[in-house]
Amino acid sequence: MPSTRLNNLAFLIFNSTFISIRIIAIRKSQFENSYLCPMQLSYWEYDRYFKHIDVAIVGSGIVGLSAAFYLKKKFPKKKIVVLERSFLPYGASTRNAGFACFGSITELQDDLTIMSEDEVFTLVEKRYKGLQRLRHHLGDKNIRYIPCGGYELFTQQDKAVYQKAIEEQHYFNTTIGKLLGKKDIYTNEDKHIKKFGFRNIEHLIKNRLEGQIDTGRMMDTLSEKVRHLGVNILTGIPVDRFEASGDSLTIFANGVEIKTKQLLICTNGFAKNLLPELDVAPARAQVLVTKPIENLNWEGTFHYDRGYYYFRNIGNRILLGGGRNLDFKTEHTTEFGLTTLVQERLKELLHETIAPGKNVEIERQWSGIMGLGSSKKTIVQQVDKNVFCAVRMGGMGVALGMMIGEEAAGIIYN
Ligand SMILES: Cc1cc2nc3c(=O)[nH]c(=O)nc-3n(C[C@H](O)[C@H](O)[C@H](O)COP(=O)(O)OP(=O)(O)OC[C@H]3O[C@@H](n4cnc5c(N)ncnc54)[C@H](O)[C@@H]3O)c2cc1C
């Protein structure tokens with residue numbers, strides 16, 4: 001228990017032969033201000049939600065929910081619970097841009113400088129398959145999937161970057177084409193630049209297989225599916241730590257001890273809090289969305305500056321995010337928040353390049369936390385006898401989520 005928690009402690013030890021939950025320690029302020037903590041569980045609550053848990057999954061993002069989905073489908077009789085610290089998922093899955101993408105050429109070229117060809121293209125395949133699963137299980141209509149295509153933008157200053165991309169276009173088309181069974185995925189679309197009305201854009205490369213989804217509806221549909229299968233998604237349960245000894249596994253969450261047979265950690269950018277040895281670093285990403293814009297007559301997902309910026313339309317609004325590269329150090333954090341530096345750059349890009357001459361007002365700004373590492377390879381592994389993790393989704397976890405959830409479910413009962 002962290003030392004700050006030792007102040008103002010009220011001790012309650014609750015033990016019975018029927019109920020093996022011990023409420024250990026509760027901060028005084030929590031008594032006064034919250035009806036959720038401490039959880040002095042009733043017999044009914046314990047019996048319904050916490051007794052005889054087979055698998056506890058920490059984190060109700062797309063990965064945690066997908067793992068629950070596949071596990072419960074495969075083992076309908078197992079008791080599976082998802083433990084989420086917040087009243088909504090509070091990481092990246094409900095806060096992202098909703099690109100259904102698997103890699104633009106320049107981003108993949110960057111990836112090839114730190115990963116092998118095999119690793120890069122395996123990841124591309126997983127993203128593509130993950131998206132197929134998402135669409136198949138949740139339904140295009142429910143997640144508002146729009147196969148609008150995605151575009152990579154190049155300015156005059158990006159001449160060399162564009163040149164390299166176009167030289168390798170054939171290589172990416174044949175390599176990825178073979179993997180996905182698709183032809184001519186990436187095409188030059190310079191002839192369409194004018195119709196978008198962007199300023200200073202000299203070249204466009206289209207990925208015809210990219211699309212958009214409605215992030216909120218996607219997560220809502222997924223959690224509905226998971227609940228419908230009989231999984232309890234319990235919110236307001238921040239897991240502090242766990243203890244594994246032999247076959248016994250105990251989770252400590254806000255003063256409550258929860259026994260489980262297996263534990264799967266899907267906390268992505270926050271993974272180090274529970275598994276400090278993992279190579280996963282938090283990375284904050286900031287986003288803004290505009291109010292509806294008159295005569296916004298384009299549709300698509302767009303990548304700019306090797307993927308450091310990205311934007312799309314949401315109906316007749318623009319969602320724009322990125323700019324982490326302006327200050328990697330500050331954005332290397334698990335703290336949600338906005339900075340003037342990034343937000344001002346986003347606004348500049350919006351007004352000067354994306355919607356020049358249009359009357360554009362910002363409606364909302366927010367941030368989300370991703371999980372990155374020295375490689376973009378996801379980490380799906382066993383970390384102890386009965387403890388597993390599925391983390392490090394990088395910037396394309398919407399695409400990877402269902403695939404990685406399935407992989408995680410597969411290693412738990414293999
Ligand atoms: C701004 C932004 C834009 C993005 N855009 C895209 C995009 O367009 N396309 C794409 O494919 N990907 C995108 N991503 C990445 C994608 O959203 C993530 O990779 C993906 O959502 C990760 O899912 P996850 O389930 O692994 O993690 P998360 O969604 O972060 O879920 C982890 C969950 O664990 C919970 N948690 C953490 N610690 C604890 C604890 N101790 N106890 C209990 N619960 C805990 C958190 O509250 C959270 O709900 C974007 C990310 C951001 C931030």
# chains A, B, ... in the order shown; residues from 1 in each chain; ligands from 1

$ closest_atom_pairs --of "chain A" --to "ligand 1" --cutoff "7 Å" --atoms "only C-alpha atoms and all ligand atoms" --output "JSON lines"
{"residue": "A:Val58", "atom": "CA", "partner": "ligand 1", "partner_atom_place_in_ligand_line": "43 (C)", "distance": 5.2}
{"residue": "A:Gly59", "atom": "CA", "partner": "ligand 1", "partner_atom_place_in_ligand_line": "34 (O)", "distance": 3.2}
{"residue": "A:Ser60", "atom": "CA", "partner": "ligand 1", "partner_atom_place_in_ligand_line": "49 (O)", "distance": 4.8}
{"residue": "A:Gly61", "atom": "CA", "partner": "ligand 1", "partner_atom_place_in_ligand_line": "25 (O)", "distance": 3.3}
{"residue": "A:Ile62", "atom": "CA", "partner": "ligand 1", "partner_atom_place_in_ligand_line": "25 (O)", "distance": 4.0}
{"residue": "A:Val63", "atom": "CA", "partner": "ligand 1", "partner_atom_place_in_ligand_line": "25 (O)", "distance": 3.8}
{"residue": "A:Gly64", "atom": "CA", "partner": "ligand 1", "partner_atom_place_in_ligand_line": "25 (O)", "distance": 5.5}
{"residue": "A:Leu83", "atom": "CA", "partner": "ligand 1", "partner_atom_place_in_ligand_line": "43 (C)", "distance": 5.5}
{"residue": "A:Glu84", "atom": "CA", "partner": "ligand 1", "partner_atom_place_in_ligand_line": "44 (N)", "distance": 3.9}
{"residue": "A:Arg85", "atom": "CA", "partner": "ligand 1", "partner_atom_place_in_ligand_line": "43 (C)", "distance": 3.9}
{"residue": "A:Ser86", "atom": "CA", "partner": "ligand 1", "partner_atom_place_in_ligand_line": "47 (O)", "distance": 5.5}
{"residue": "A:Leu88", "atom": "CA", "partner": "ligand 1", "partner_atom_place_in_ligand_line": "49 (O)", "distance": 6.8}
{"residue": "A:Pro89", "atom": "CA", "partner": "ligand 1", "partner_atom_place_in_ligand_line": "49 (O)", "distance": 3.3}
{"residue": "A:Tyr90", "atom": "CA", "partner": "ligand 1", "partner_atom_place_in_ligand_line": "47 (O)", "distance": 3.6}
{"residue": "A:Gly91", "atom": "CA", "partner": "ligand 1", "partner_atom_place_in_ligand_line": "30 (O)", "distance": 3.3}
{"residue": "A:Ala92", "atom": "CA", "partner": "ligand 1", "partner_atom_place_in_ligand_line": "29 (O)", "distance": 3.9}
{"residue": "A:Ser93", "atom": "CA", "partner": "ligand 1", "partner_atom_place_in_ligand_line": "21 (O)", "distance": 3.3}
{"residue": "A:Thr94", "atom": "CA", "partner": "ligand 1", "partner_atom_place_in_ligand_line": "29 (O)", "distance": 6.7}
{"residue": "A:Arg95", "atom": "CA", "partner": "ligand 1", "partner_atom_place_in_ligand_line": "1 (C)", "distance": 5.7}
{"residue": "A:Asn96", "atom": "CA", "partner": "ligand 1", "partner_atom_place_in_ligand_line": "3 (C)", "distance": 3.3}
{"residue": "A:Ala97", "atom": "CA", "partner": "ligand 1", "partner_atom_place_in_ligand_line": "8 (O)", "distance": 3.8}
{"residue": "A:Gly98", "atom": "CA", "partner": "ligand 1", "partner_atom_place_in_ligand_line": "8 (O)", "distance": 4.0}
{"residue": "A:Phe99", "atom": "CA", "partner": "ligand 1", "partner_atom_place_in_ligand_line": "8 (O)", "distance": 3.5}
{"residue": "A:Ala100", "atom": "CA", "partner": "ligand 1", "partner_atom_place_in_ligand_line": "9 (N)", "distance": 5.7}
{"residue": "A:Cys101", "atom": "CA", "partner": "ligand 1", "partner_atom_place_in_ligand_line": "11 (O)", "distance": 6.2}
{"residue": "A:Ile237", "atom": "CA", "partner": "ligand 1", "partner_atom_place_in_ligand_line": "43 (C)", "distance": 5.7}
{"residue": "A:Pro238", "atom": "CA", "partner": "ligand 1", "partner_atom_place_in_ligand_line": "42 (N)", "distance": 3.7}
{"residue": "A:Val239", "atom": "CA", "partner": "ligand 1", "partner_atom_place_in_ligand_line": "42 (N)", "distance": 3.8}
{"residue": "A:Asp240", "atom": "CA", "partner": "ligand 1", "partner_atom_place_in_ligand_line": "41 (N)", "distance": 5.6}
{"residue": "A:Cys266", "atom": "CA", "partner": "ligand 1", "partner_atom_place_in_ligand_line": "26 (O)", "distance": 5.7}
{"residue": "A:Thr267", "atom": "CA", "partner": "ligand 1", "partner_atom_place_in_ligand_line": "34 (O)", "distance": 3.8}
{"residue": "A:Asn268", "atom": "CA", "partner": "ligand 1", "partner_atom_place_in_ligand_line": "26 (O)", "distance": 4.5}
{"residue": "A:Gly269", "atom": "CA", "partner": "ligand 1", "partner_atom_place_in_ligand_line": "30 (O)", "distance": 6.0}
{"residue": "A:Phe270", "atom": "CA", "partner": "ligand 1", "partner_atom_place_in_ligand_line": "38 (N)", "distance": 5.2}
{"residue": "A:Ala271", "atom": "CA", "partner": "ligand 1", "partner_atom_place_in_ligand_line": "38 (N)", "distance": 6.8}
{"residue": "A:Asn273", "atom": "CA", "partner": "ligand 1", "partner_atom_place_in_ligand_line": "41 (N)", "distance": 6.8}
{"residue": "A:Leu274", "atom": "CA", "partner": "ligand 1", "partner_atom_place_in_ligand_line": "41 (N)", "distance": 6.8}
{"residue": "A:Arg284", "atom": "CA", "partner": "ligand 1", "partner_atom_place_in_ligand_line": "53 (C)", "distance": 6.2}
{"residue": "A:Ala285", "atom": "CA", "partner": "ligand 1", "partner_atom_place_in_ligand_line": "1 (C)", "distance": 4.5}
{"residue": "A:Gln286", "atom": "CA", "partner": "ligand 1", "partner_atom_place_in_ligand_line": "1 (C)", "distance": 5.4}
{"residue": "A:Val287", "atom": "CA", "partner": "ligand 1", "partner_atom_place_in_ligand_line": "1 (C)", "distance": 5.6}
{"residue": "A:Gly321", "atom": "CA", "partner": "ligand 1", "partner_atom_place_in_ligand_line": "1 (C)", "distance": 6.4}
{"residue": "A:Ser367", "atom": "CA", "partner": "ligand 1", "partner_atom_place_in_ligand_line": "1 (C)", "distance": 5.7}
{"residue": "A:Gly368", "atom": "CA", "partner": "ligand 1", "partner_atom_place_in_ligand_line": "53 (C)", "distance": 3.6}
{"residue": "A:Ile369", "atom": "CA", "partner": "ligand 1", "partner_atom_place_in_ligand_line": "53 (C)", "distance": 4.7}
{"residue": "A:Met370", "atom": "CA", "partner": "ligand 1", "partner_atom_place_in_ligand_line": "53 (C)", "distance": 5.1}
{"residue": "A:Gly371", "atom": "CA", "partner": "ligand 1", "partner_atom_place_in_ligand_line": "19 (O)", "distance": 6.9}
{"residue": "A:Val391", "atom": "CA", "partner": "ligand 1", "partner_atom_place_in_ligand_line": "26 (O)", "distance": 5.5}
{"residue": "A:Arg392", "atom": "CA", "partner": "ligand 1", "partner_atom_place_in_ligand_line": "26 (O)", "distance": 6.7}
{"residue": "A:Met393", "atom": "CA", "partner": "ligand 1", "partner_atom_place_in_ligand_line": "19 (O)", "distance": 4.4}
{"residue": "A:Gly394", "atom": "CA", "partner": "ligand 1", "partner_atom_place_in_ligand_line": "19 (O)", "distance": 5.1}
{"residue": "A:Gly395", "atom": "CA", "partner": "ligand 1", "partner_atom_place_in_ligand_line": "15 (C)", "distance": 4.1}
{"residue": "A:Met396", "atom": "CA", "partner": "ligand 1", "partner_atom_place_in_ligand_line": "11 (O)", "distance": 3.1}
{"residue": "A:Gly397", "atom": "CA", "partner": "ligand 1", "partner_atom_place_in_ligand_line": "19 (O)", "distance": 3.0}
{"residue": "A:Val398", "atom": "CA", "partner": "ligand 1", "partner_atom_place_in_ligand_line": "11 (O)", "distance": 3.5}
{"residue": "A:Ala399", "atom": "CA", "partner": "ligand 1", "partner_atom_place_in_ligand_line": "11 (O)", "distance": 4.4}
{"residue": "A:Leu400", "atom": "CA", "partner": "ligand 1", "partner_atom_place_in_ligand_line": "11 (O)", "distance": 6.7}
{"residue": "A:Gly401", "atom": "CA", "partner": "ligand 1", "partner_atom_place_in_ligand_line": "23 (O)", "distance": 6.3}

$ residues_around --residues "segment 113-116 of chain A" --least-positions-apart "5" --cutoff "12 Å" --atoms "only C-alpha atoms" --output "ChimeraX atom specification"
/A:106-108,121-123,373-377

$ residues_around --residues "segment 186-199 of chain A" --least-positions-apart "5" --cutoff "7 Å" --atoms "only C-alpha atoms" --output "JSON, numbers by chain"
{"A": [169, 173, 204, 205, 206, 207, 208, 298, 352, 353, 354, 355, 356]}

$ write_last_selection --atoms "C-alpha atoms" --output "compact mmCIF listing (two decimals), in the first residue's frame"
# COMPACT_ATOMS: atom_id res chain seq x y z
CA GLN A 169 5.11 2.33 -53.27
CA ASN A 173 1.83 -2.71 -52.61
CA LEU A 204 -1.32 12.75 -51.85
CA ILE A 205 -0.91 8.99 -51.49
CA LYS A 206 -4.15 7.12 -50.91
CA ASN A 207 -4.64 3.89 -49.00
CA ARG A 208 -7.91 2.64 -50.41
CA TRP A 298 -14.62 16.05 -48.11
CA GLU A 352 -3.70 27.46 -42.25
CA THR A 353 -3.51 24.08 -43.96
CA ILE A 354 -6.61 21.97 -43.44
CA ALA A 355 -9.47 24.46 -43.60
CA PRO A 356 -7.95 27.72 -44.88

$ closest_residue --among "A:Gln163, A:Asn295, A:Asn316, A:Gln365" --to "Thr340 of chain A" --atoms "only C-alpha atoms"
A:Gln365

$ residues_around --residues "segment 149-158 of chain A" --least-positions-apart "5" --cutoff "8 Å" --atoms "only C-alpha atoms" --output "PyMOL selection string"
chain A and resi 101+104+200-211+300-305

$ select_by_dssp --residues "segment 306-414 of chain A" --states "alpha helix (DSSP H)" --output "PyMOL selection string"
chain A and resi 328-331+340-349+397-412

$ residues_around --residues "Asn232 of chain A" --least-positions-apart "5" --cutoff "9 Å" --atoms "only C-alpha atoms" --output "list in words"
Tyr49, Lys79, Ile80, Val81, Val82, Leu83, Val226 and Arg227 of chain A

$ closest_residue --among "A:Ser245, A:Phe172, A:Ala67, A:Cys148" --to "Ala408 of chain A" --atoms "only C-alpha atoms"
A:Ala67

$ residues_around --residues "Val383 of chain A" --least-positions-apart "3" --cutoff "10 Å" --atoms "only C-alpha atoms" --output "PyMOL selection string"
chain A and resi 263-265+275+277-278+380+386-389

$ write_last_selection --atoms "N, CA, C and O atoms" --output "mmCIF file, in the first residue's frame"
data_model
loop_
_atom_site.group_PDB
_atom_site.id
_atom_site.type_symbol
_atom_site.label_atom_id
_atom_site.label_comp_id
_atom_site.auth_asym_id
_atom_site.auth_seq_id
_atom_site.Cartn_x
_atom_site.Cartn_y
_atom_site.Cartn_z
ATOM 1 N N LEU A 263 -5.333 -13.966 -13.990
ATOM 2 C CA LEU A 263 -5.386 -12.505 -14.085
ATOM 3 C C LEU A 263 -4.806 -12.074 -15.425
ATOM 4 O O LEU A 263 -3.737 -12.540 -15.831
ATOM 5 N N LEU A 264 -5.534 -11.195 -16.111
ATOM 6 C CA LEU A 264 -5.036 -10.663 -17.388
ATOM 7 C C LEU A 264 -4.996 -9.138 -17.282
ATOM 8 O O LEU A 264 -6.014 -8.501 -17.021
ATOM 9 N N ILE A 265 -3.813 -8.575 -17.494
ATOM 10 C CA ILE A 265 -3.639 -7.130 -17.350
ATOM 11 C C ILE A 265 -3.658 -6.467 -18.729
ATOM 12 O O ILE A 265 -2.814 -6.750 -19.577
ATOM 13 N N LEU A 275 3.016 -3.798 -13.633
ATOM 14 C CA LEU A 275 4.108 -4.652 -14.127
ATOM 15 C C LEU A 275 5.305 -3.765 -14.490
ATOM 16 O O LEU A 275 5.553 -3.477 -15.668
ATOM 17 N N GLU A 277 8.367 -4.095 -14.778
ATOM 18 C CA GLU A 277 9.478 -4.608 -15.599
ATOM 19 C C GLU A 277 9.200 -4.527 -17.102
ATOM 20 O O GLU A 277 10.105 -4.713 -17.919
ATOM 21 N N LEU A 278 7.965 -4.235 -17.495
ATOM 22 C CA LEU A 278 7.625 -4.236 -18.925
ATOM 23 C C LEU A 278 8.184 -3.019 -19.660
ATOM 24 O O LEU A 278 8.260 -1.925 -19.101
ATOM 25 N N VAL A 380 2.090 -9.651 -25.588
ATOM 26 C CA VAL A 380 1.045 -10.569 -25.118
ATOM 27 C C VAL A 380 1.792 -11.736 -24.515
ATOM 28 O O VAL A 380 2.388 -12.541 -25.241
ATOM 29 N N ASN A 386 -0.071 -17.657 -13.202
ATOM 30 C CA ASN A 386 -1.465 -17.413 -13.605
ATOM 31 C C ASN A 386 -1.731 -15.962 -13.993
ATOM 32 O O ASN A 386 -2.861 -15.497 -13.947
ATOM 33 N N VAL A 387 -0.656 -15.269 -14.320
ATOM 34 C CA VAL A 387 -0.806 -13.840 -14.642
ATOM 35 C C VAL A 387 -0.319 -13.582 -16.069
ATOM 36 O O VAL A 387 0.757 -14.020 -16.462
ATOM 37 N N PHE A 388 -1.128 -12.851 -16.813
ATOM 38 C CA PHE A 388 -0.843 -12.598 -18.234
ATOM 39 C C PHE A 388 -1.032 -11.106 -18.514
ATOM 40 O O PHE A 388 -1.704 -10.404 -17.754
ATOM 41 N N CYS A 389 -0.451 -10.671 -19.627
ATOM 42 C CA CYS A 389 -0.712 -9.280 -19.997
ATOM 43 C C CYS A 389 -0.857 -9.158 -21.512
ATOM 44 O O CYS A 389 -0.344 -9.988 -22.275
#

$ closest_residue --among "A:Val280, A:Met219, A:Ile293, A:Leu338" --to "Leu372 of chain A" --atoms "only C-alpha atoms"
A:Val280

$ select_by_dssp --residues "segment 222-322 of chain A" --states "strand (DSSP E)" --output "ChimeraX atom specification"
/A:232-235,239-245,248-253,256-265,281-290,301-304,309-314,317-322

$ write_last_selection --atoms "N, CA and C atoms" --output "compact mmCIF listing (two decimals), in the first residue's frame"
# COMPACT_ATOMS: atom_id res chain seq x y z
N ASN A 232 -19.24 -9.56 -16.36
CA ASN A 232 -19.50 -8.34 -15.61
C ASN A 232 -18.36 -7.35 -15.82
N ILE A 233 -18.72 -6.15 -16.22
CA ILE A 233 -17.71 -5.09 -16.33
C ILE A 233 -17.92 -4.20 -15.11
N LEU A 234 -16.99 -4.30 -14.18
CA LEU A 234 -17.16 -3.58 -12.91
C LEU A 234 -16.32 -2.31 -12.93
N THR A 235 -16.96 -1.18 -12.78
CA THR A 235 -16.24 0.09 -12.87
C THR A 235 -16.01 0.66 -11.47
N VAL A 239 -7.19 -1.13 -9.62
CA VAL A 239 -6.36 -2.21 -9.06
C VAL A 239 -5.01 -1.60 -8.65
N ASP A 240 -4.68 -1.77 -7.36
CA ASP A 240 -3.41 -1.20 -6.85
C ASP A 240 -2.25 -2.15 -7.10
N ARG A 241 -2.51 -3.42 -6.86
CA ARG A 241 -1.44 -4.41 -7.02
C ARG A 241 -2.06 -5.80 -6.98
N PHE A 242 -1.22 -6.79 -7.22
CA PHE A 242 -1.70 -8.17 -7.06
C PHE A 242 -0.60 -8.99 -6.41
N GLU A 243 -1.00 -10.08 -5.79
CA GLU A 243 -0.02 -10.98 -5.16
C GLU A 243 -0.26 -12.38 -5.68
N ALA A 244 0.79 -12.98 -6.22
CA ALA A 244 0.66 -14.35 -6.72
C ALA A 244 1.58 -15.23 -5.90
N SER A 245 1.03 -16.30 -5.37
CA SER A 245 1.87 -17.24 -4.63
C SER A 245 1.31 -18.64 -4.85
N SER A 248 -2.42 -19.43 -5.59
CA SER A 248 -3.29 -18.38 -5.06
C SER A 248 -2.97 -17.03 -5.70
N LEU A 249 -3.99 -16.33 -6.05
CA LEU A 249 -3.82 -15.04 -6.74
C LEU A 249 -4.80 -14.05 -6.13
N THR A 250 -4.26 -12.95 -5.62
CA THR A 250 -5.11 -11.95 -4.97
C THR A 250 -4.88 -10.59 -5.59
N ILE A 251 -5.98 -9.92 -5.88
CA ILE A 251 -5.91 -8.56 -6.43
C ILE A 251 -6.30 -7.61 -5.31
N PHE A 252 -5.55 -6.52 -5.18
CA PHE A 252 -5.87 -5.51 -4.17
C PHE A 252 -6.37 -4.27 -4.91
N ALA A 253 -7.60 -3.92 -4.63
CA ALA A 253 -8.18 -2.78 -5.35
C ALA A 253 -8.91 -1.89 -4.36
N VAL A 256 -9.86 -3.47 -1.16
CA VAL A 256 -10.61 -4.73 -1.25
C VAL A 256 -9.70 -5.81 -1.82
N GLU A 257 -9.78 -7.00 -1.28
CA GLU A 257 -9.02 -8.14 -1.82
C GLU A 257 -9.96 -8.99 -2.67
N ILE A 258 -9.53 -9.28 -3.87
CA ILE A 258 -10.36 -10.09 -4.78
C ILE A 258 -9.54 -11.31 -5.20
N LYS A 259 -10.11 -12.47 -4.99
CA LYS A 259 -9.43 -13.71 -5.39
C LYS A 259 -9.82 -14.07 -6.82
N THR A 260 -8.85 -14.53 -7.57
CA THR A 260 -9.14 -14.99 -8.93
C THR A 260 -8.20 -16.14 -9.28
N LYS A 261 -8.62 -16.97 -10.23
CA LYS A 261 -7.73 -18.07 -10.63
C LYS A 261 -6.68 -17.55 -11.61
N GLN A 262 -7.12 -16.68 -12.51
CA GLN A 262 -6.21 -16.13 -13.52
C GLN A 262 -6.40 -14.63 -13.59
N LEU A 263 -5.33 -13.97 -13.99
CA LEU A 263 -5.39 -12.51 -14.08
C LEU A 263 -4.81 -12.07 -15.42
N LEU A 264 -5.53 -11.20 -16.11
CA LEU A 264 -5.04 -10.66 -17.39
C LEU A 264 -5.00 -9.14 -17.28
N ILE A 265 -3.81 -8.58 -17.49
CA ILE A 265 -3.64 -7.13 -17.35
C ILE A 265 -3.66 -6.47 -18.73
N ALA A 281 5.87 2.44 -22.27
CA ALA A 281 5.92 3.81 -21.75
C ALA A 281 4.63 4.53 -22.12
N PRO A 282 4.13 5.36 -21.20
CA PRO A 282 2.92 6.11 -21.55
C PRO A 282 3.24 7.22 -22.53
N ALA A 283 2.33 7.50 -23.42
CA ALA A 283 2.50 8.60 -24.36
C ALA A 283 1.16 9.29 -24.52
N ARG A 284 1.13 10.55 -24.13
CA ARG A 284 -0.14 11.28 -24.22
C ARG A 284 -0.34 11.80 -25.64
N ALA A 285 -1.58 11.76 -26.08
CA ALA A 285 -1.91 12.30 -27.40
C ALA A 285 -3.07 13.28 -27.24
N GLN A 286 -2.90 14.47 -27.81
CA GLN A 286 -3.92 15.52 -27.66
C GLN A 286 -4.73 15.68 -28.96
N VAL A 287 -5.98 15.99 -28.77
CA VAL A 287 -6.91 16.03 -29.91
C VAL A 287 -7.82 17.25 -29.76
N LEU A 288 -8.32 17.74 -30.89
CA LEU A 288 -9.40 18.73 -30.83
C LEU A 288 -10.45 18.37 -31.87
N VAL A 289 -11.65 18.86 -31.64
CA VAL A 289 -12.70 18.68 -32.63
C VAL A 289 -13.40 20.03 -32.83
N THR A 290 -13.78 20.31 -34.07
CA THR A 290 -14.39 21.61 -34.37
C THR A 290 -15.91 21.54 -34.24
N THR A 301 -9.70 9.93 -43.92
CA THR A 301 -8.75 9.99 -42.81
C THR A 301 -7.43 10.45 -43.41
N PHE A 302 -6.70 11.29 -42.69
CA PHE A 302 -5.52 11.92 -43.27
C PHE A 302 -4.34 11.84 -42.30
N HIS A 303 -3.19 11.57 -42.87
CA HIS A 303 -1.95 11.49 -42.08
C HIS A 303 -1.01 12.57 -42.62
N TYR A 304 -0.38 13.26 -41.69
CA TYR A 304 0.46 14.38 -42.09
C TYR A 304 1.75 14.30 -41.28
N TYR A 309 0.77 13.96 -37.20
CA TYR A 309 -0.53 14.64 -37.14
C TYR A 309 -1.53 13.80 -37.93
N TYR A 310 -2.76 13.85 -37.50
CA TYR A 310 -3.79 13.08 -38.20
C TYR A 310 -5.11 13.83 -38.08
N PHE A 311 -5.91 13.78 -39.12
CA PHE A 311 -7.22 14.41 -39.03
C PHE A 311 -8.22 13.67 -39.90
N ARG A 312 -9.47 13.90 -39.63
CA ARG A 312 -10.56 13.26 -40.35
C ARG A 312 -11.79 14.15 -40.22
N ASN A 313 -12.78 13.86 -41.03
CA ASN A 313 -14.05 14.53 -40.79
C ASN A 313 -14.90 13.63 -39.89
N ILE A 314 -15.73 14.27 -39.07
CA ILE A 314 -16.81 13.54 -38.38
C ILE A 314 -18.06 14.25 -38.87
N ARG A 317 -17.68 18.07 -39.21
CA ARG A 317 -16.69 18.59 -38.26
C ARG A 317 -15.32 18.05 -38.67
N ILE A 318 -14.27 18.65 -38.09
CA ILE A 318 -12.93 18.09 -38.28
C ILE A 318 -12.38 17.67 -36.92
N LEU A 319 -11.86 16.45 -36.85
CA LEU A 319 -11.12 16.01 -35.67
C LEU A 319 -9.65 16.04 -36.06
N LEU A 320 -8.83 16.67 -35.24
CA LEU A 320 -7.40 16.79 -35.54
C LEU A 320 -6.60 16.47 -34.28
N GLY A 321 -5.57 15.66 -34.45
CA GLY A 321 -4.73 15.31 -33.30
C GLY A 321 -3.27 15.22 -33.68
N GLY A 322 -2.43 15.10 -32.66
CA GLY A 322 -1.00 14.92 -32.91
C GLY A 322 -0.16 15.99 -32.24

$ closest_residue --among "A:Thr378, A:Pro292, A:Leu326, A:Lys141" --to "Glu361 of chain A" --atoms "only C-alpha atoms"
A:Pro292

$ atom_distance --atom1 "atom CA of Arg144 of chain A" --atom2 "atom CA of Leu180 of chain A"
22.8 Å
